[in-house]
Every structure is written in structure tokens, then in C-alpha cells.
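Notes for the one structure printed next.
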Amino acid sequence: MMDGIHEDLNRVKKKPYTEVVEGGDGKPDHKVAAEAWRRHLMRNDSLIVDRCQGMLRSHLTCPVCDHESVTFDPYMSLSLPIAGAGGKRGAHASRKIEVTVVRLPPGTPPTTLWVSVPLQGNVEDLREAVAEAG
């Protein structure tokens, strides 16, 4: 449903061809992320993108040739399994996780945060915890 609303509200009427931006060869993540987001916006620009989309960092290493590929892929929703913490159960059970935040504008250094989220939390819980932390 969200994809359909995005397409209806998309401000881009003529979508140019874009290639995937790839890092891993020494380029700083914040520059690769900013370029990937810029290219994403060349084809996708709507209220849905403004409010509901983000980018996920993917880092792969080839086991044969050791080539490293770092890409930033757009997402609208994520399923995040949050593992149990030593058998703790209940509505208030939580877990601390490490989150690296890459912000715009380009050149802004990444920030590493430790946030507390519910064991049975979702992306909204993670987003709120990151927003509160900084």
C-alpha cells in the first residue's frame, strides 16, 4: 500500500537511469551514503520517501577474492530480530544495541550510539531510541 501511495505522490515524472553507488575501496561511508541517497532521490521523491524511507548499509566480502562491497540500499520497513538477553522476559525487558548513524550533509562524521530497546521491539522503537540518544 505504501509503495502505491509513493508512486501516486512521486514528484519525479521522468525517471533517469542510475547506477548503484559502491564503496569499500577506501571511500568514507558518509560520502557513499550521501551519493546513494542523491541518486535514489533522482527517481523517488515523495512525502513517503521524506517521512518513511531510510538507507541500510550492506557490507559484503567475497570469500574467493576478498573484494569488499559497501552499498546503501533504501528501505521502507525492516524486520529486526532482537535476541533474548539471558532469559529475561516481560513487558519491560530490554537490550542495549550499538547503532552507527550516518547523517547528512556529506562530511558529517558517523556517530556510534548505544541505545536500549525492548526485547520484542520494532523499528519504531529503535528509531525513537536513536532520536532520544542524539
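Numbering starts fresh at 1 for the residues of each chain in the C-alpha cells, the chains themselves are lettered A, B, ... in the order given, and ligands are numbered from 1 as they appear.
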List as CSV every residue of region 36-96 of chain A that is in contact with region 105-127 of chain A, defined as an atom at most 6 Å from one of its atoms (using only C-alpha atoms), together with the nearest atom pair and the distance in Å rounded to one decimal, sorted by chain and then rising number.
```
residue,atom,partner,partner_atom,distance
A:Ile82,CA,A:Leu119,CA,5.7
A:Ala93,CA,A:Leu119,CA,5.9
A:Ser94,CA,A:Pro118,CA,4.1
A:Arg95,CA,A:Ser116,CA,5.4
A:Lys96,CA,A:Ser116,CA,4.3
```
File dump, residues just selected, all heavy atoms, as a compact mmCIF listing (two decimals), in the first residue's frame:
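Written file, selection_13.txt:
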```
# COMPACT_ATOMS: atom_id res chain seq x y z
N ILE A 82 15.45 -9.15 17.63
CA ILE A 82 16.22 -8.73 18.80
C ILE A 82 16.31 -9.94 19.71
O ILE A 82 15.31 -10.37 20.27
CB ILE A 82 15.58 -7.52 19.49
CG1 ILE A 82 15.51 -6.36 18.51
CG2 ILE A 82 16.36 -7.14 20.73
CD1 ILE A 82 14.86 -5.11 19.05
N ALA A 93 11.44 -5.91 29.69
CA ALA A 93 12.74 -6.46 29.34
C ALA A 93 13.30 -5.71 28.13
O ALA A 93 12.60 -5.45 27.16
CB ALA A 93 12.62 -7.95 29.03
N SER A 94 14.58 -5.33 28.22
CA SER A 94 15.18 -4.58 27.12
C SER A 94 16.61 -5.06 26.89
O SER A 94 17.16 -5.84 27.67
CB SER A 94 15.17 -3.08 27.43
OG SER A 94 15.98 -2.81 28.56
N ARG A 95 17.18 -4.55 25.82
CA ARG A 95 18.53 -4.92 25.43
C ARG A 95 19.22 -3.69 24.86
O ARG A 95 18.61 -2.89 24.17
CB ARG A 95 18.47 -6.01 24.37
CG ARG A 95 19.81 -6.36 23.82
CD ARG A 95 19.71 -7.40 22.77
NE ARG A 95 21.07 -7.70 22.34
CZ ARG A 95 21.39 -8.66 21.54
NH1 ARG A 95 20.46 -9.44 21.07
NH2 ARG A 95 22.63 -8.86 21.20
N LYS A 96 20.51 -3.54 25.15
CA LYS A 96 21.29 -2.45 24.57
C LYS A 96 21.91 -2.94 23.27
O LYS A 96 22.43 -4.05 23.20
CB LYS A 96 22.39 -2.01 25.52
CG LYS A 96 21.88 -1.19 26.67
CD LYS A 96 23.03 -0.49 27.36
CE LYS A 96 22.55 0.46 28.40
NZ LYS A 96 22.20 1.75 27.90
```
Any idea what's packed within 7 Å of Met76 (chain A), counting only C-alpha atoms, ignoring anything in its chain fewer than 6 positions away? Could you give it as number ranges by chain?
-> A: 52-54
Go ahead and write the residues just picked, C-alpha atoms, as a tab-separated table (two decimals), in the first residue's frame.
```tsv
chain	number	residue	atom	x	y	z
A	52	CYS	CA	9.19	6.76	5.77
A	53	GLN	CA	12.36	5.74	3.93
A	54	GLY	CA	15.94	5.39	5.01
```
Long-range neighbours of region 28-42 of chain A as number ranges by chain, 9 Å cut-off, only C-alpha atoms, 2 positions minimum in chain | A: 12, 15-26, 44-46, 49, 54-55, 57, 70-74, 102-110
Could you dump the residues just selected with C-alpha atoms as an mmCIF file, in the first residue's frame?
```cif
data_model
loop_
_atom_site.group_PDB
_atom_site.id
_atom_site.type_symbol
_atom_site.label_atom_id
_atom_site.label_comp_id
_atom_site.auth_asym_id
_atom_site.auth_seq_id
_atom_site.Cartn_x
_atom_site.Cartn_y
_atom_site.Cartn_z
ATOM 1 C CA VAL A 12 9.630 12.581 -10.377
ATOM 2 C CA LYS A 15 12.988 8.733 -14.056
ATOM 3 C CA PRO A 16 16.609 8.792 -15.232
ATOM 4 C CA TYR A 17 18.783 5.682 -15.314
ATOM 5 C CA THR A 18 21.061 5.486 -12.262
ATOM 6 C CA GLU A 19 23.763 3.037 -11.270
ATOM 7 C CA VAL A 20 24.408 1.568 -7.838
ATOM 8 C CA VAL A 21 26.940 3.526 -5.792
ATOM 9 C CA GLU A 22 29.511 1.193 -4.275
ATOM 10 C CA GLY A 23 32.069 1.863 -1.556
ATOM 11 C CA GLY A 24 34.609 -0.416 0.051
ATOM 12 C CA ASP A 25 37.646 0.948 -1.742
ATOM 13 C CA GLY A 26 38.565 3.479 0.902
ATOM 14 C CA ASN A 44 11.966 8.697 -5.945
ATOM 15 C CA ASP A 45 10.768 11.953 -4.400
ATOM 16 C CA SER A 46 7.524 11.909 -2.447
ATOM 17 C CA VAL A 49 10.247 8.979 0.848
ATOM 18 C CA GLY A 54 15.943 5.394 5.014
ATOM 19 C CA MET A 55 19.096 3.635 3.865
ATOM 20 C CA ARG A 57 24.368 -0.184 4.915
ATOM 21 C CA VAL A 70 29.688 -1.496 0.606
ATOM 22 C CA THR A 71 26.299 -0.272 -0.595
ATOM 23 C CA PHE A 72 23.495 1.759 0.923
ATOM 24 C CA ASP A 73 20.081 0.423 -0.047
ATOM 25 C CA PRO A 74 16.769 2.213 0.503
ATOM 26 C CA VAL A 102 25.390 8.337 9.147
ATOM 27 C CA ARG A 103 23.931 11.824 8.780
ATOM 28 C CA LEU A 104 23.744 14.385 6.017
ATOM 29 C CA PRO A 105 25.256 16.749 4.929
ATOM 30 C CA PRO A 106 28.269 14.975 3.457
ATOM 31 C CA GLY A 107 31.307 15.382 5.629
ATOM 32 C CA THR A 108 29.418 14.899 8.878
ATOM 33 C CA PRO A 109 31.247 12.110 10.706
ATOM 34 C CA PRO A 110 29.276 8.956 11.606
#
```
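Closest approach to Leu47 (chain A) among A:Met2, A:Ile97, A:Leu80, A:Leu60 is made by A:Met2 (distances from only C-alpha atoms).
Of the residues in region 9-41 of chain A, those that DSSP places in alpha helix (DSSP H) on the basis of the backbone are Leu9, Asp29, His30, Lys31, Val32, Ala33, Ala34, Glu35, Ala36, Trp37, Arg38, Arg39, His40 and Leu41 of chain A.
Here the strand (DSSP E or B) residues in region 12-107 of chain A, by DSSP on the backbone, are Gly23, Gly54, Met55, Leu56, Arg57, Ser58, His59, Leu60, Thr61, Glu68, Ser69, Val70, Thr71, Phe72, Asp73, Pro74, Tyr75, Ser94, Arg95, Lys96, Ile97, Glu98, Val99, Thr100 and Val101 of chain A.
Going from CA of Thr61 (chain A) over to CA of Ser77 (chain A), you cover 24.9 Å.
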For Ile48 (chain A), which residue among A:Thr100, A:Ser69, A:Ser79, A:Asn10 is the nearest when counting only C-alpha atoms?
-> A:Asn10
